[in-house]
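Dropping query.cif in here (mmCIF, C-alpha atoms and all ligand atoms):
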```
data_structure
#
loop_
_atom_site.group_PDB
_atom_site.id
_atom_site.type_symbol
_atom_site.label_atom_id
_atom_site.label_comp_id
_atom_site.auth_asym_id
_atom_site.auth_seq_id
_atom_site.Cartn_x
_atom_site.Cartn_y
_atom_site.Cartn_z
ATOM 1 C CA MET E 1 -34.929 -55.183 64.834
ATOM 2 C CA LYS E 2 -34.745 -55.659 68.606
ATOM 3 C CA GLY E 3 -36.456 -58.768 69.991
ATOM 4 C CA HIS E 4 -39.212 -58.252 72.537
ATOM 5 C CA TYR E 5 -37.282 -60.448 74.976
ATOM 6 C CA PHE E 6 -34.805 -57.707 75.792
ATOM 7 C CA LYS E 7 -37.446 -55.047 76.410
ATOM 8 C CA HIS E 8 -37.929 -56.620 79.828
ATOM 9 C CA MET E 9 -34.210 -56.636 80.551
ATOM 10 C CA PRO E 10 -32.788 -53.417 79.223
ATOM 11 C CA ASN E 11 -29.494 -53.982 81.021
ATOM 12 C CA ILE E 12 -28.703 -57.438 79.789
ATOM 13 C CA ILE E 13 -27.263 -56.432 76.410
ATOM 14 C CA ASP E 14 -25.147 -53.740 78.069
ATOM 15 C CA LYS E 15 -23.842 -56.165 80.679
ATOM 16 C CA ILE E 16 -22.952 -58.766 78.063
ATOM 17 C CA ASN E 17 -21.271 -56.170 75.844
ATOM 18 C CA THR E 18 -19.254 -54.742 78.734
ATOM 19 C CA LEU E 19 -18.031 -58.208 79.745
ATOM 20 C CA LYS E 20 -17.217 -59.148 76.152
ATOM 21 C CA LYS E 21 -14.993 -56.103 75.874
ATOM 22 C CA ALA E 22 -13.364 -56.505 79.283
ATOM 23 C CA LYS E 23 -12.568 -60.185 78.683
ATOM 24 C CA ASN E 24 -11.835 -60.033 74.943
ATOM 25 C CA ALA E 25 -14.655 -62.505 74.312
ATOM 26 C CA ILE E 26 -16.759 -63.186 71.238
ATOM 27 C CA ILE E 27 -20.157 -64.834 70.984
ATOM 28 C CA LEU E 28 -20.871 -67.235 68.126
ATOM 29 C CA ALA E 29 -24.514 -68.188 67.566
ATOM 30 C CA HIS E 30 -25.948 -70.919 65.381
ATOM 31 C CA CYS E 31 -28.974 -70.076 63.224
ATOM 32 C CA TYR E 32 -31.134 -72.548 65.163
ATOM 33 C CA GLN E 33 -30.707 -70.545 68.381
ATOM 34 C CA PRO E 34 -33.612 -68.418 69.626
ATOM 35 C CA VAL E 35 -33.573 -65.379 67.334
ATOM 36 C CA GLU E 36 -33.093 -62.957 70.273
ATOM 37 C CA ILE E 37 -29.608 -64.338 70.803
ATOM 38 C CA ASP E 38 -28.510 -62.569 67.590
ATOM 39 C CA GLU E 39 -28.687 -59.264 69.455
ATOM 40 C CA VAL E 40 -25.636 -60.138 71.516
ATOM 41 C CA ALA E 41 -23.868 -62.387 68.988
ATOM 42 C CA ASP E 42 -20.786 -61.253 67.066
ATOM 43 C CA TYR E 43 -21.206 -63.932 64.417
ATOM 44 C CA VAL E 44 -24.362 -65.818 63.431
ATOM 45 C CA GLY E 45 -24.348 -68.641 60.933
ATOM 46 C CA ASP E 46 -24.216 -72.338 60.219
ATOM 47 C CA SER E 47 -21.632 -74.888 61.373
ATOM 48 C CA LEU E 48 -19.149 -74.320 58.537
ATOM 49 C CA TYR E 49 -19.122 -70.550 58.882
ATOM 50 C CA LEU E 50 -18.851 -70.641 62.676
ATOM 51 C CA SER E 51 -16.052 -73.221 62.625
ATOM 52 C CA GLN E 52 -14.135 -70.992 60.178
ATOM 53 C CA VAL E 53 -14.616 -68.019 62.516
ATOM 54 C CA ALA E 54 -13.494 -70.109 65.523
ATOM 55 C CA SER E 55 -10.366 -71.223 63.690
ATOM 56 C CA ARG E 56 -9.116 -67.671 63.063
ATOM 57 C CA THR E 57 -10.362 -65.534 65.962
ATOM 58 C CA ASP E 58 -7.924 -63.705 68.205
ATOM 59 C CA ALA E 59 -10.428 -63.490 71.063
ATOM 60 C CA ASP E 60 -9.430 -65.039 74.408
ATOM 61 C CA ILE E 61 -12.878 -66.450 75.130
ATOM 62 C CA ILE E 62 -15.414 -67.950 72.730
ATOM 63 C CA VAL E 63 -18.971 -68.267 74.021
ATOM 64 C CA PHE E 64 -20.733 -70.715 71.738
ATOM 65 C CA ALA E 65 -24.506 -70.322 71.654
ATOM 66 C CA GLY E 66 -25.330 -73.709 70.179
ATOM 67 C CA VAL E 67 -25.085 -77.373 71.125
ATOM 68 C CA TYR E 68 -22.209 -79.324 72.661
ATOM 69 C CA PHE E 69 -20.480 -80.620 69.524
ATOM 70 C CA MET E 70 -20.292 -77.079 68.138
ATOM 71 C CA ALA E 71 -18.513 -75.703 71.210
ATOM 72 C CA GLN E 72 -16.274 -78.768 71.209
ATOM 73 C CA THR E 73 -15.425 -78.163 67.542
ATOM 74 C CA ALA E 74 -14.555 -74.544 68.349
ATOM 75 C CA LYS E 75 -12.265 -75.800 71.133
ATOM 76 C CA LEU E 76 -10.553 -78.257 68.756
ATOM 77 C CA LEU E 77 -9.913 -75.456 66.269
ATOM 78 C CA SER E 78 -8.850 -72.929 68.908
ATOM 79 C CA PRO E 79 -7.156 -75.027 71.601
ATOM 80 C CA ASP E 80 -5.578 -72.006 73.316
ATOM 81 C CA LYS E 81 -8.868 -70.211 73.800
ATOM 82 C CA LYS E 82 -11.350 -70.706 76.563
ATOM 83 C CA VAL E 83 -14.577 -72.034 74.999
ATOM 84 C CA LEU E 84 -17.778 -71.761 77.032
ATOM 85 C CA LEU E 85 -21.145 -73.374 76.321
ATOM 86 C CA PRO E 86 -23.987 -71.384 77.955
ATOM 87 C CA GLN E 87 -26.113 -74.536 78.515
ATOM 88 C CA ILE E 88 -23.914 -77.543 79.192
ATOM 89 C CA GLU E 89 -26.913 -79.884 78.853
ATOM 90 C CA ALA E 90 -27.546 -78.843 75.243
ATOM 91 C CA GLY E 91 -26.476 -81.844 73.162
ATOM 92 C CA CYS E 92 -27.228 -82.917 69.596
ATOM 93 C CA ARG E 93 -29.489 -85.950 69.416
ATOM 94 C CA MET E 94 -27.916 -87.003 66.132
ATOM 95 C CA ALA E 95 -24.353 -86.797 67.488
ATOM 96 C CA ASP E 96 -25.468 -88.831 70.522
ATOM 97 C CA MET E 97 -26.561 -91.682 68.222
ATOM 98 C CA LEU E 98 -22.952 -92.602 67.433
ATOM 99 C CA SER E 99 -20.604 -93.518 70.282
ATOM 100 C CA TYR E 100 -16.936 -94.405 69.858
ATOM 101 C CA ARG E 101 -17.789 -98.112 70.282
ATOM 102 C CA GLN E 102 -20.590 -97.979 67.703
ATOM 103 C CA LEU E 103 -18.259 -96.249 65.264
ATOM 104 C CA LYS E 104 -15.587 -98.919 65.744
ATOM 105 C CA GLU E 105 -18.154 -101.657 65.055
ATOM 106 C CA PHE E 106 -19.340 -99.855 61.927
ATOM 107 C CA LEU E 107 -15.776 -99.383 60.667
ATOM 108 C CA ALA E 108 -15.008 -103.049 61.322
ATOM 109 C CA GLN E 109 -17.937 -104.045 59.104
ATOM 110 C CA HIS E 110 -16.491 -101.978 56.227
ATOM 111 C CA PRO E 111 -12.698 -102.162 56.479
ATOM 112 C CA SER E 112 -10.315 -100.053 54.376
ATOM 113 C CA LEU E 113 -12.808 -97.437 53.231
ATOM 114 C CA PRO E 114 -12.278 -93.720 53.803
ATOM 115 C CA THR E 115 -14.662 -92.320 56.404
ATOM 116 C CA VAL E 116 -16.331 -88.938 56.257
ATOM 117 C CA CYS E 117 -17.908 -87.675 59.440
ATOM 118 C CA TYR E 118 -20.529 -85.006 59.649
ATOM 119 C CA VAL E 119 -19.506 -82.248 62.060
ATOM 120 C CA ASN E 120 -22.507 -83.247 64.192
ATOM 121 C CA SER E 121 -20.401 -85.841 66.009
ATOM 122 C CA THR E 122 -18.220 -86.129 69.109
ATOM 123 C CA ALA E 123 -14.469 -85.451 69.184
ATOM 124 C CA GLU E 124 -13.922 -89.211 69.826
ATOM 125 C CA VAL E 125 -15.716 -89.993 66.560
ATOM 126 C CA LYS E 126 -13.895 -87.270 64.611
ATOM 127 C CA ALA E 127 -10.578 -88.635 65.886
ATOM 128 C CA GLU E 128 -11.265 -91.959 64.101
ATOM 129 C CA CYS E 129 -12.445 -90.499 60.777
ATOM 130 C CA ASP E 130 -10.487 -89.280 57.759
ATOM 131 C CA ILE E 131 -12.246 -86.016 57.051
ATOM 132 C CA CYS E 132 -15.077 -83.965 58.465
ATOM 133 C CA CYS E 133 -17.882 -82.185 56.593
ATOM 134 C CA THR E 134 -20.831 -79.905 57.224
ATOM 135 C CA SER E 135 -24.083 -79.896 55.302
ATOM 136 C CA SER E 136 -22.752 -76.954 53.222
ATOM 137 C CA ASN E 137 -19.708 -78.788 51.940
ATOM 138 C CA ALA E 138 -20.573 -82.523 52.231
ATOM 139 C CA GLU E 139 -20.751 -83.048 48.469
ATOM 140 C CA LYS E 140 -17.431 -81.297 47.871
ATOM 141 C CA ILE E 141 -15.727 -83.222 50.685
ATOM 142 C CA VAL E 142 -16.900 -86.667 49.508
ATOM 143 C CA LYS E 143 -15.904 -85.789 45.941
ATOM 144 C CA SER E 144 -12.465 -84.585 47.100
ATOM 145 C CA LEU E 145 -11.603 -88.118 48.233
ATOM 146 C CA GLY E 146 -11.702 -89.354 44.636
ATOM 147 C CA LYS E 147 -13.000 -92.802 45.681
ATOM 148 C CA SER E 148 -15.877 -94.866 44.315
ATOM 149 C CA LYS E 149 -16.972 -95.979 47.795
ATOM 150 C CA VAL E 150 -16.903 -94.102 51.118
ATOM 151 C CA LEU E 151 -18.335 -94.443 54.615
ATOM 152 C CA PHE E 152 -20.420 -91.599 55.997
ATOM 153 C CA VAL E 153 -21.382 -91.076 59.665
ATOM 154 C CA PRO E 154 -23.629 -90.375 61.532
ATOM 155 C CA ASP E 155 -26.358 -88.867 59.285
ATOM 156 C CA THR E 156 -27.738 -91.416 56.854
ATOM 157 C CA TYR E 157 -29.914 -88.864 55.024
ATOM 158 C CA LEU E 158 -27.170 -86.341 54.359
ATOM 159 C CA GLY E 159 -24.923 -89.200 53.205
ATOM 160 C CA LYS E 160 -27.557 -90.565 50.851
ATOM 161 C CA TRP E 161 -28.310 -87.084 49.535
ATOM 162 C CA VAL E 162 -24.626 -86.659 48.659
ATOM 163 C CA GLU E 163 -24.609 -90.084 46.948
ATOM 164 C CA LYS E 164 -27.568 -89.013 44.808
ATOM 165 C CA GLN E 165 -25.936 -85.685 43.877
ATOM 166 C CA LEU E 166 -22.611 -87.217 42.909
ATOM 167 C CA GLY E 167 -24.014 -90.225 41.066
ATOM 168 C CA ASN E 168 -20.678 -92.051 40.831
ATOM 169 C CA VAL E 169 -19.782 -92.637 44.486
ATOM 170 C CA GLU E 170 -21.347 -95.304 46.683
ATOM 171 C CA VAL E 171 -21.933 -93.765 50.123
ATOM 172 C CA ILE E 172 -22.369 -96.354 52.869
ATOM 173 C CA THR E 173 -24.076 -94.639 55.782
ATOM 174 C CA TYR E 174 -24.441 -95.193 59.507
ATOM 175 C CA PRO E 175 -28.145 -95.179 60.444
ATOM 176 C CA GLY E 176 -28.129 -91.916 62.423
ATOM 177 C CA PHE E 177 -30.603 -89.085 61.813
ATOM 178 C CA CYS E 178 -31.880 -85.764 63.102
ATOM 179 C CA PRO E 179 -35.162 -86.311 64.970
ATOM 180 C CA THR E 180 -36.175 -82.688 64.328
ATOM 181 C CA HIS E 181 -35.834 -82.843 60.534
ATOM 182 C CA LEU E 182 -37.375 -86.311 60.371
ATOM 183 C CA GLN E 183 -40.665 -84.869 61.585
ATOM 184 C CA ILE E 184 -41.106 -83.367 58.114
ATOM 185 C CA ARG E 185 -43.083 -85.708 55.844
ATOM 186 C CA PRO E 186 -43.787 -85.604 52.071
ATOM 187 C CA GLN E 187 -47.456 -85.076 52.929
ATOM 188 C CA ASP E 188 -46.531 -81.826 54.704
ATOM 189 C CA ILE E 189 -44.971 -80.564 51.476
ATOM 190 C CA GLU E 190 -47.978 -81.610 49.426
ATOM 191 C CA ASN E 191 -50.331 -79.850 51.866
ATOM 192 C CA ALA E 192 -48.215 -76.683 51.934
ATOM 193 C CA ARG E 193 -48.008 -76.605 48.115
ATOM 194 C CA LYS E 194 -51.796 -76.850 47.843
ATOM 195 C CA LYS E 195 -52.151 -73.889 50.210
ATOM 196 C CA TYR E 196 -49.337 -71.810 48.663
ATOM 197 C CA PRO E 197 -49.112 -72.873 44.995
ATOM 198 C CA ASN E 198 -46.634 -70.060 44.116
ATOM 199 C CA ALA E 199 -44.188 -70.853 46.899
ATOM 200 C CA LEU E 200 -40.884 -72.654 46.405
ATOM 201 C CA VAL E 201 -40.063 -75.452 48.851
ATOM 202 C CA LEU E 202 -36.567 -75.206 50.357
ATOM 203 C CA ALA E 203 -35.401 -78.222 52.396
ATOM 204 C CA HIS E 204 -32.361 -79.160 54.472
ATOM 205 C CA PRO E 205 -30.487 -82.351 53.443
ATOM 206 C CA GLU E 206 -30.986 -83.795 56.961
ATOM 207 C CA CYS E 207 -34.631 -84.332 55.896
ATOM 208 C CA HIS E 208 -35.789 -87.785 54.813
ATOM 209 C CA MET E 209 -35.004 -88.520 51.141
ATOM 210 C CA SER E 210 -38.733 -88.701 50.379
ATOM 211 C CA VAL E 211 -38.865 -85.008 51.380
ATOM 212 C CA SER E 212 -35.641 -83.724 49.831
ATOM 213 C CA SER E 213 -36.390 -85.503 46.550
ATOM 214 C CA ILE E 214 -39.586 -83.439 46.041
ATOM 215 C CA ALA E 215 -38.275 -80.051 47.270
ATOM 216 C CA ASP E 216 -37.498 -77.262 44.785
ATOM 217 C CA PHE E 217 -34.129 -76.640 46.421
ATOM 218 C CA VAL E 218 -32.076 -78.635 48.921
ATOM 219 C CA GLY E 219 -29.313 -76.910 50.821
ATOM 220 C CA ALA E 220 -27.673 -76.245 54.160
ATOM 221 C CA THR E 221 -28.819 -73.354 56.334
ATOM 222 C CA SER E 222 -26.576 -70.863 54.521
ATOM 223 C CA GLY E 223 -27.708 -72.253 51.156
ATOM 224 C CA ILE E 224 -31.374 -71.810 52.073
ATOM 225 C CA MET E 225 -30.766 -68.278 53.334
ATOM 226 C CA ASN E 226 -28.822 -67.296 50.211
ATOM 227 C CA PHE E 227 -31.506 -68.810 48.026
ATOM 228 C CA VAL E 228 -34.181 -66.584 49.606
ATOM 229 C CA ALA E 229 -31.895 -63.548 49.369
ATOM 230 C CA LYS E 230 -31.239 -64.007 45.653
ATOM 231 C CA SER E 231 -34.486 -65.503 44.372
ATOM 232 C CA LYS E 232 -36.982 -63.326 42.516
ATOM 233 C CA ASN E 233 -39.751 -65.477 43.954
ATOM 234 C CA LYS E 234 -41.766 -63.943 46.797
ATOM 235 C CA GLU E 235 -43.017 -67.004 48.707
ATOM 236 C CA PHE E 236 -40.991 -69.772 50.296
ATOM 237 C CA ILE E 237 -41.935 -72.862 52.276
ATOM 238 C CA ILE E 238 -39.075 -73.618 54.659
ATOM 239 C CA ALA E 239 -38.473 -77.291 55.507
ATOM 240 C CA THR E 240 -35.911 -76.942 58.280
ATOM 241 C CA GLU E 241 -35.576 -75.731 61.863
ATOM 242 C CA GLN E 242 -37.702 -72.830 63.110
ATOM 243 C CA GLY E 243 -34.653 -70.611 63.777
ATOM 244 C CA VAL E 244 -34.059 -70.333 60.035
ATOM 245 C CA VAL E 245 -37.720 -69.363 59.505
ATOM 246 C CA ASP E 246 -37.505 -66.687 62.237
ATOM 247 C CA ARG E 247 -34.333 -65.142 60.788
ATOM 248 C CA LEU E 248 -35.700 -65.148 57.236
ATOM 249 C CA LYS E 249 -38.912 -63.451 58.417
ATOM 250 C CA ARG E 250 -36.856 -60.825 60.234
ATOM 251 C CA ASP E 251 -34.451 -60.217 57.342
ATOM 252 C CA TYR E 252 -36.922 -60.315 54.422
ATOM 253 C CA PRO E 253 -40.123 -58.600 55.595
ATOM 254 C CA ASN E 254 -41.251 -58.158 51.978
ATOM 255 C CA LYS E 255 -41.132 -61.882 51.250
ATOM 256 C CA THR E 256 -43.571 -64.492 52.527
ATOM 257 C CA ILE E 257 -41.787 -67.092 54.637
ATOM 258 C CA ILE E 258 -43.902 -70.128 55.488
ATOM 259 C CA PRO E 259 -42.743 -72.788 57.968
ATOM 260 C CA ILE E 260 -43.468 -76.276 56.676
ATOM 261 C CA LYS E 261 -44.970 -77.076 60.095
ATOM 262 C CA ASN E 262 -45.156 -75.214 63.383
ATOM 263 C CA ASN E 263 -43.173 -77.658 65.489
ATOM 264 C CA ILE E 264 -39.905 -78.118 63.594
ATOM 265 C CA ILE E 265 -37.873 -77.105 66.592
ATOM 266 C CA CYS E 266 -34.662 -78.571 67.979
ATOM 267 C CA PRO E 267 -35.345 -78.469 71.735
ATOM 268 C CA ASN E 268 -31.665 -78.470 72.642
ATOM 269 C CA MET E 269 -30.934 -75.507 70.398
ATOM 270 C CA LYS E 270 -33.614 -73.544 72.205
ATOM 271 C CA MET E 271 -32.154 -74.093 75.687
ATOM 272 C CA THR E 272 -29.853 -71.042 75.575
ATOM 273 C CA SER E 273 -31.106 -67.804 77.090
ATOM 274 C CA PRO E 274 -29.397 -64.388 77.243
ATOM 275 C CA GLU E 275 -29.088 -64.919 81.034
ATOM 276 C CA ASP E 276 -27.098 -68.113 80.392
ATOM 277 C CA ILE E 277 -24.723 -66.181 78.154
ATOM 278 C CA LEU E 278 -24.299 -63.481 80.771
ATOM 279 C CA HIS E 279 -23.772 -66.135 83.457
ATOM 280 C CA VAL E 280 -20.945 -67.944 81.637
ATOM 281 C CA LEU E 281 -19.309 -64.647 80.733
ATOM 282 C CA GLU E 282 -19.371 -63.643 84.407
ATOM 283 C CA THR E 283 -18.324 -66.965 85.931
ATOM 284 C CA GLU E 284 -16.456 -68.636 83.027
ATOM 285 C CA GLU E 285 -18.258 -71.855 83.963
ATOM 286 C CA ASN E 286 -19.125 -74.601 81.446
ATOM 287 C CA GLU E 287 -15.695 -74.607 79.884
ATOM 288 C CA ILE E 288 -15.179 -77.243 77.179
ATOM 289 C CA ILE E 289 -12.167 -79.482 77.762
ATOM 290 C CA VAL E 290 -11.037 -82.143 75.270
ATOM 291 C CA ASP E 291 -8.538 -84.910 76.002
ATOM 292 C CA GLU E 292 -5.252 -83.928 74.362
ATOM 293 C CA GLU E 293 -4.671 -87.194 72.483
ATOM 294 C CA ILE E 294 -8.201 -87.240 71.087
ATOM 295 C CA ALA E 295 -7.985 -83.533 70.227
ATOM 296 C CA LYS E 296 -4.784 -84.036 68.239
ATOM 297 C CA ARG E 297 -6.419 -86.583 65.933
ATOM 298 C CA ALA E 298 -9.854 -84.931 65.803
ATOM 299 C CA VAL E 299 -8.385 -81.615 64.709
ATOM 300 C CA ASN E 300 -6.719 -83.259 61.708
ATOM 301 C CA CYS E 301 -10.153 -84.425 60.566
ATOM 302 C CA LEU E 302 -11.450 -80.835 60.856
ATOM 303 C CA ASN E 303 -8.411 -79.194 59.292
ATOM 304 C CA ARG E 304 -8.640 -81.443 56.247
ATOM 305 C CA MET E 305 -12.200 -80.203 55.785
ATOM 306 C CA LEU E 306 -11.203 -76.549 56.176
ATOM 307 C CA GLU E 307 -8.404 -77.046 53.681
ATOM 308 C CA VAL E 308 -10.775 -78.497 51.048
ATOM 309 C CA SER E 309 -13.437 -75.801 51.790
ATOM 310 C CA LYS E 310 -11.095 -72.831 51.303
HETATM 311 S S1 LIG R 401 -31.443 -79.943 64.703
HETATM 312 FE FE1 LIG R 401 -30.932 -82.125 64.700
HETATM 313 S S2 LIG R 401 -28.842 -82.262 63.961
HETATM 314 FE FE2 LIG R 401 -29.216 -80.092 64.562
HETATM 315 S S3 LIG R 401 -28.516 -79.973 66.697
HETATM 316 FE FE3 LIG R 401 -30.716 -80.440 66.765
HETATM 317 S S4 LIG R 401 -30.776 -82.716 66.864
HETATM 318 FE FE4 LIG R 401 -28.711 -82.143 66.202
#
```
Would you mind writing the structure in this file as C-alpha cells?
Ligand code: SF4
Amino acid sequence: MKGHYFKHMPNIIDKINTLKKAKNAIILAHCYQPVEIDEVADYVGDSLYLSQVASRTDADIIVFAGVYFMAQTAKLLSPDKKVLLPQIEAGCRMADMLSYRQLKEFLAQHPSLPTVCYVNSTAEVKAECDICCTSSNAEKIVKSLGKSKVLFVPDTYLGKWVEKQLGNVEVITYPGFCPTHLQIRPQDIENARKKYPNALVLAHPECHMSVSSIADFVGATSGIMNFVAKSKNKEFIIATEQGVVDRLKRDYPNKTIIPIKNNIICPNMKMTSPEDILHVLETEENEIIVDEEIAKRAVNCLNRMLEVSK
C-alpha cells in the first residue's frame, strides 16, 4: 500500500531509486520510522535484523533511516562502507543517558563482572563492554555468558526483564530507560483490557516491569510482529512505539490493532523524511565516522553478539 505522503511528490521515489542504483546504495529502515519510509527502504526491521544486514551487505553506501547509534553500529559492522544518517540530530535518549565516564564509574562500582550492553549505546560504551545485545536476543546473550551475576547497561528494564526470565542470573543494571516506553502505565493496560476484553496485550521489554509483568506477551519488535502474524486471535493491544502499530495495521487489515495510547512516539525516530533520504543520497552528507581505536574494540562487542545469535 502506498502512503499518502508520496502522492504529493510522485518523483521522490523515482529519484531515490535512481540514485540508489547509480551509487550502489541500500536503505535500511527501523520499524519505528514513519511508515512511509518503507516505500523506499530495501530492508525494514528491528536492530538485530538490520545489524545483520549491515554486516553482510555488498553495497557501497548504507543510508540508515533510524537514530544515531543504529547508523554508528552499521558503520562498525561495515567499516569500508559509507554510512549516512538522513537526520544527524536524531539521537536515542536512552543511549544518551550513559556516557563513557558514567560507564567507567558504574564498572568501578562492580569490578570483575562481565558487562552486557544493549545496542542502544554509543561506540565508546560498546568498546568497554564484553558483549552486545538487542531486545530480541538479550536473554540468549546473558545466558551465553554462563555466569551467576552480570552487569547490564544502559536499559534497567530490559536487564531486569532478562533477570526475571532466566531466574538464576543476577542482573545488575545501570539506571537508564527509554522515555517513550516509560509513558506506558499499568493503568493504561487495565483501561484497554476493559474496552477490548478479547484483545491480547503485547508489550516491549523496554516497558516498566509493572507493565511487562501483566502483558500477555513480552517481546522485541520482531517478536511482537511475529506474534500477530501467527496468532489465531483477532485483536491486539500494542504496548510499544507507534511505528509498530502502523506497520501491523498496514500488514494485517483483517486484524484489529489497538495502540495502548495515542502518544507512544519516539520523537527522534520520526525526524526522518523522504526528502532527507534523497538529500543524503545526493550530497553524501551526514557520514558517520568512528575513531579507529574505539571502533576496533566496539566491533568485538558486536561480533560476539552476532556469533551467539547465529
Ligand atoms: S524508542 Fe526509546 S530506546 Fe528507541 S530510539 Fe527512541 S528513545 Fe531510544
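With a cut-off of 6 Å and using only C-alpha atoms and all ligand atoms, the polymer residues contacting ligand LIG 401 (chain R) are Cys92, Arg93, Met94, Cys178, Pro179, Thr180 and Cys266 of chain E.
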Exercise for the section: State, in Å with one decimal place, the distance from atom CA of E:Glu163 to atom CA of E:Gly243. Expected result: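 Those two atoms sit 27.6 Å apart.
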Practice task
Can you give me, as a ChimeraX atom specification, the residues this file yields under the PyMOL selection byres (((chain E and resi 177) around 9) and not hetatm)?
Solution key: /E:93-95,97,154-158,174-176,178-182,206-208
Practice task
Name the residues that the PyMOL selection byres (((chain E and resi 199) around 10) and not hetatm) picks from the file above, as a list in words, using the file's chain letters and numbers.
Solution key: Ala192, Arg193, Lys194, Lys195, Tyr196, Pro197, Asn198, Leu200, Val201, Leu202, Asp216, Asn233, Lys234, Glu235, Phe236, Ile237, Ile238, Thr256, Ile257 and Ile258 of chain E
Exercise for the section: I would like the residues chosen by the PyMOL selection byres (((chain E and resi 50) around 10) and not hetatm) on the shown file; could you give them as a PyMOL selection string? Expected result: chain E and resi 28-30+43-49+51-55+64+70-71+73-74
Would you mind exporting the chosen residues as a PDB file, in the frame of the given file, restricted to C-alpha atoms?
```
ATOM      1  CA  LEU E  28     -20.871 -67.235  68.126  1.00  0.00           C
ATOM      2  CA  ALA E  29     -24.514 -68.188  67.566  1.00  0.00           C
ATOM      3  CA  HIS E  30     -25.948 -70.919  65.381  1.00  0.00           C
ATOM      4  CA  TYR E  43     -21.206 -63.932  64.417  1.00  0.00           C
ATOM      5  CA  VAL E  44     -24.362 -65.818  63.431  1.00  0.00           C
ATOM      6  CA  GLY E  45     -24.348 -68.641  60.933  1.00  0.00           C
ATOM      7  CA  ASP E  46     -24.216 -72.338  60.219  1.00  0.00           C
ATOM      8  CA  SER E  47     -21.632 -74.888  61.373  1.00  0.00           C
ATOM      9  CA  LEU E  48     -19.149 -74.320  58.537  1.00  0.00           C
ATOM     10  CA  TYR E  49     -19.122 -70.550  58.882  1.00  0.00           C
ATOM     11  CA  SER E  51     -16.052 -73.221  62.625  1.00  0.00           C
ATOM     12  CA  GLN E  52     -14.135 -70.992  60.178  1.00  0.00           C
ATOM     13  CA  VAL E  53     -14.616 -68.019  62.516  1.00  0.00           C
ATOM     14  CA  ALA E  54     -13.494 -70.109  65.523  1.00  0.00           C
ATOM     15  CA  SER E  55     -10.366 -71.223  63.690  1.00  0.00           C
ATOM     16  CA  PHE E  64     -20.733 -70.715  71.738  1.00  0.00           C
ATOM     17  CA  MET E  70     -20.292 -77.079  68.138  1.00  0.00           C
ATOM     18  CA  ALA E  71     -18.513 -75.703  71.210  1.00  0.00           C
ATOM     19  CA  THR E  73     -15.425 -78.163  67.542  1.00  0.00           C
ATOM     20  CA  ALA E  74     -14.555 -74.544  68.349  1.00  0.00           C
TER      21      ALA E  74
END
```
Exercise for the section: Determine, counting all atoms listed in the file, which protein, DNA and RNA residues have an atom within 7 Å of an atom of stretch 292-304 of chain E; residues of the same chain fewer than 4 positions away are not included. Present the result as a PyMOL selection string. Expected result: chain E and resi 76-77+123-124+126-127+129-132+308
Practice task
Find the residue from E:Gln242, E:Lys255, E:Val218, E:Ser135 that sits nearest to E:Lys230; use only C-alpha atoms when measuring.
Solution key: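 Closest to E:Lys230 of all the choices is E:Lys255.
Ranking E:Arg185, E:Lys160, E:His279, E:Lys147 by their shortest atom-to-atom distance to E:Thr115, with all atoms listed in the file included, puts E:Lys147 first.
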Problem - Separation of atom CA of E:Thr173 from atom CA of E:Ala239, in Å and rounded to one decimal - result: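 We find that atom CA of E:Thr173 and atom CA of E:Ala239 lie 22.5 Å from each other.
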Practice task
Report the distance between atom CA of E:Glu139 and atom CA of E:Gly159 in Å, rounded to one decimal place.
Solution key: 8.8 Å
Using 8 Å of padding on each side, determine the axis-aligned box around all atoms of stretch 129-137 of chain E present in the file and give its centre and edge lengths in Å to one decimal, as JSON.
```
{"center_x": -17.3, "center_y": -83.7, "center_z": 56.4, "size_x": 29.6, "size_y": 29.5, "size_z": 24.8}
```
Problem - Spatial neighbours of E:Gly146, 12 Å, only C-alpha atoms, chain gap at least 2 places, as a list in words - result: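 Close residues of E:Gly146: Leu113, Pro114, Glu139, Lys140, Ile141, Val142, Lys143, Ser144, Ser148, Lys149, Val150, Leu166, Asn168, Val169 and Glu170 of chain E.
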Exercise for the section: May I ask which of the residues E:Ile172, E:Val83, E:Ile264, E:Ile26 is the closest one to E:Tyr68, counting all atoms listed in the file? Expected result: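 For E:Tyr68, the nearest of the given residues is E:Val83.
Considering all atoms listed in the file, the residue among E:Ile13, E:Cys31, E:Ile288, E:Ile189 positioned nearest to E:Leu248 is E:Cys31.
Of the residues listed (E:Asp60, E:His204, E:Leu107, E:Gly66), E:Gly66 shows the shortest atom-to-atom separation from E:Asp38; distances use all atoms listed in the file.
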Exercise for the section: Find the residue from E:Val40, E:Ile265, E:Leu151, E:Glu128 that sits nearest to E:Ile27; use all atoms listed in the file when measuring. Expected result: E:Val40
Exercise for the section: Do a neighbour search on E:Ala25 at 6 Å with only C-alpha atoms, toss out local chain neighbours closer than 2 positions, and write the hits as a ChimeraX atom specification. Expected result: /E:20,23,59-62
